[in-house]
Number of protein chains: 2
Amino acid sequence: MATATLTTDKRQAIMEATLDLVSKHGFEGTSTALIAKEANVGMGTLYRYFETKEELFKEMFIHQREKLIGIIISGIVGGETTIYGQFAAIVRALTTYYTNHRVEFEFLQRYSDSSYMKESYLDESAIILSPIAHILSSGGEDFRFKALPTHIIFAMVYGPMISIIQLLHQEKVTMTDEMLESITLSLWNSITEQR
Amino acid sequence: MATATLTTDKRQAIMEATLDLVSKHGFEGTSTALIAKEANVGMGTLYRYFETKEELFKEMFIHQREKLIGIIISGIVGGETTIYGQFAAIVRALTTYYTNHRVEFEFLQRYSDSSYMKESYLDESAIILSPIAHILSSGGEDFRFKALPTHIIFAMVYGPMISIIQLLHQEKVTMTDEMLESITLSLWNSITEQR
DNA sequence: CTTTGCGGAGTGAACGCTCACTCCGTCTAA
DNA sequence: TTAGACGGAGTGAGCGTTCACTCCGCAAAG
């Protein structure tokens with residue numbers, strides 16, 4: 001029997017339960033007792049792995065944000081050779097991932113808009129922007145990026161994506177390949193101009 | 001001495017305190033005791049005007065959303081004669097208003113992503129969409145709207161605006177007239193195509 | 001004009017409850 | 001045997017909400 005990572009198992013069980021419950025009941029409705037119960041773990045164990053409830057949420061947030069950044073980077077270093085190809089790959093990957101991982105998406109959104117989010121240690125956009133900034137600096141082929149601050153360029157892609165993923169979760173719309181292609185092109189056109 | 005609206009004063013003081021405190025400390029960090037204190041009102045008075053804390057938040061939300069819809073409608077029925085003119089007026093009005101009314105903006109955002117938000121009685125987009133849908137249905141001049149669901153069209157304008165207003169609040173960027181014009185045109189181009 | 005009675009807005013200490021967090025006994029593996 | 005992982009009842013603080021009471025302006029009575 002594999003006992004090597006028993007310690008990690010409990011920790012992971014707690015994190016999985018947290019993700020699930022926060023998505024369902026929000027931060028307010030999720031008590032530590034409930035998390036412990038859902039994770040089949042005692043209260044004491046929870047506080048063995050996480051100093052406070054807030055710390056647990058913070059670690060979850062950082063973990064989820066790293067996944068997000070990983071997806072963006074995968075899109076960049078994937079097979080695509082053109083900048084637009086990489087851009088489309090990122091849009092597609094994020095849409096697919098967060099459509100199928102609603103709890104992860106909702107956790108990120110909830111945390112970002114909650115009072116837990118301290119501006120000091122979490123310069124969200126700066127961290128996510130670093131791979132993006134790399135793209136923006138690379139010389140284009142037959143286009144150039146609009147003369148707008150990097151933050152704005154990012155917001156003009158990330159903003160609509162968040163809204164659209166929320167629509168998908170609410171089942172207000174269903175996404176087809178053609179729609180996604182059309183949206184991707186629209187977003188691309190909104191941040192670039194033809195040379 | 002004007003004593004006509006004394007009753008409303010207390011109610012308004014409570015709502016103003018709520019807006020302020022929720023923006024500062026979030027829903028979780030805002031206790032009814034704190035609200036009452038900030039509004040210079042007894043605990044009992046709060047419960048004379050609002051059935052529960054949740055009800056107070058809900059009324060605040062509905063009130064703020066009505067303001068939002070009012071701004072959109074003002075943009076439509078304002079002096080602008082072209083569809084693009086109306087579109088630009090709405091974008092400008094919303095940006096200006098929420099840049100200068102951070103607490104209102106943050107309250108709306110927080111509430112929308114919180115567990116207070118019941119999908120049942122608050123079909124947010126449906127209500128906000130009604131004035132927008134009117135624009136979309138009107139025949140264009142030298143353009144037509146992209147063949148995408150109304151919800152998506154809306155999300156592609158509203159999404160980036162939210163993100164950009166957040167950037168302005170965080171003082172990551174400062175908005176100039178030229179930037180706003182450029183952004184407005186970009187958003188317009190992302191939802192329309194030339195005929 | 002003055003006194004008395006009354007309705008209801010306003011109050012805040014008190015209540016019951018839930019919460020995050022602690023502490024110590026138990027169990028397990030070496 | 002023993003160290004430390006683990007469980008969960010216990011704890012006190014803080015929460016939303018209540019309710020018995022005060023206070024004030026006005027109207028009717030004298």
# chains A, B, ... in the order shown; residues from 1 in each chain; ligands from 1
>>> interface_residues(of="chain C", to="chain B", cutoff="12 Å", atoms="only C-alpha atoms (C1' of nucleotides)", output="ChimeraX atom specification")
/C:8-13
>>> interface_residues(of="chain D", to="chain B", cutoff="10 Å", atoms="only C-alpha atoms (C1' of nucleotides)", output="list in words")
DG14, DC15, DG16, DT17, DT18 and DC19 of chain D
>>> select_by_dssp(residues="region 48-136 of chain B", states="alpha helix (DSSP H)", output="PyMOL selection string")
chain B and resi 48-49+53-77+83-100+102-112+124-136
>>> interface_residues(of="chain A", to="chain B", cutoff="6 Å", atoms="only C-alpha atoms", output="PyMOL selection string")
chain A and resi 26+110+113+115+155-156+159-160+163+186+190
>>> write_last_selection(atoms="C-alpha atoms", output="short mmCIF file (atom, residue, chain, number, x, y, z; two decimals), in the first residue's frame")
data_model
loop_
_atom_site.label_atom_id
_atom_site.label_comp_id
_atom_site.auth_asym_id
_atom_site.auth_seq_id
_atom_site.Cartn_x
_atom_site.Cartn_y
_atom_site.Cartn_z
CA GLY A 26 -19.97 31.12 -1.00
CA ARG A 110 -15.59 35.09 -5.85
CA ASP A 113 -14.25 40.34 -5.72
CA SER A 115 -12.77 41.38 0.88
CA ALA A 155 -8.79 43.77 -19.91
CA MET A 156 -10.34 43.92 -23.36
CA GLY A 159 -13.18 40.93 -19.46
CA PRO A 160 -15.41 39.58 -22.22
CA SER A 163 -18.63 37.42 -18.96
CA SER A 186 -13.51 39.89 -32.78
CA SER A 190 -10.41 44.85 -30.91
#
>>> atom_distance(atom1="CA of Leu56 (chain B)", atom2="CA of Ile35 (chain B)")
10.8 Å
>>> closest_residue(among="C:DC15, C:DA29, C:DC23, C:DT3", to="DG4 (chain D)", atoms="only C-alpha atoms (C1' of nucleotides)")
C:DA29
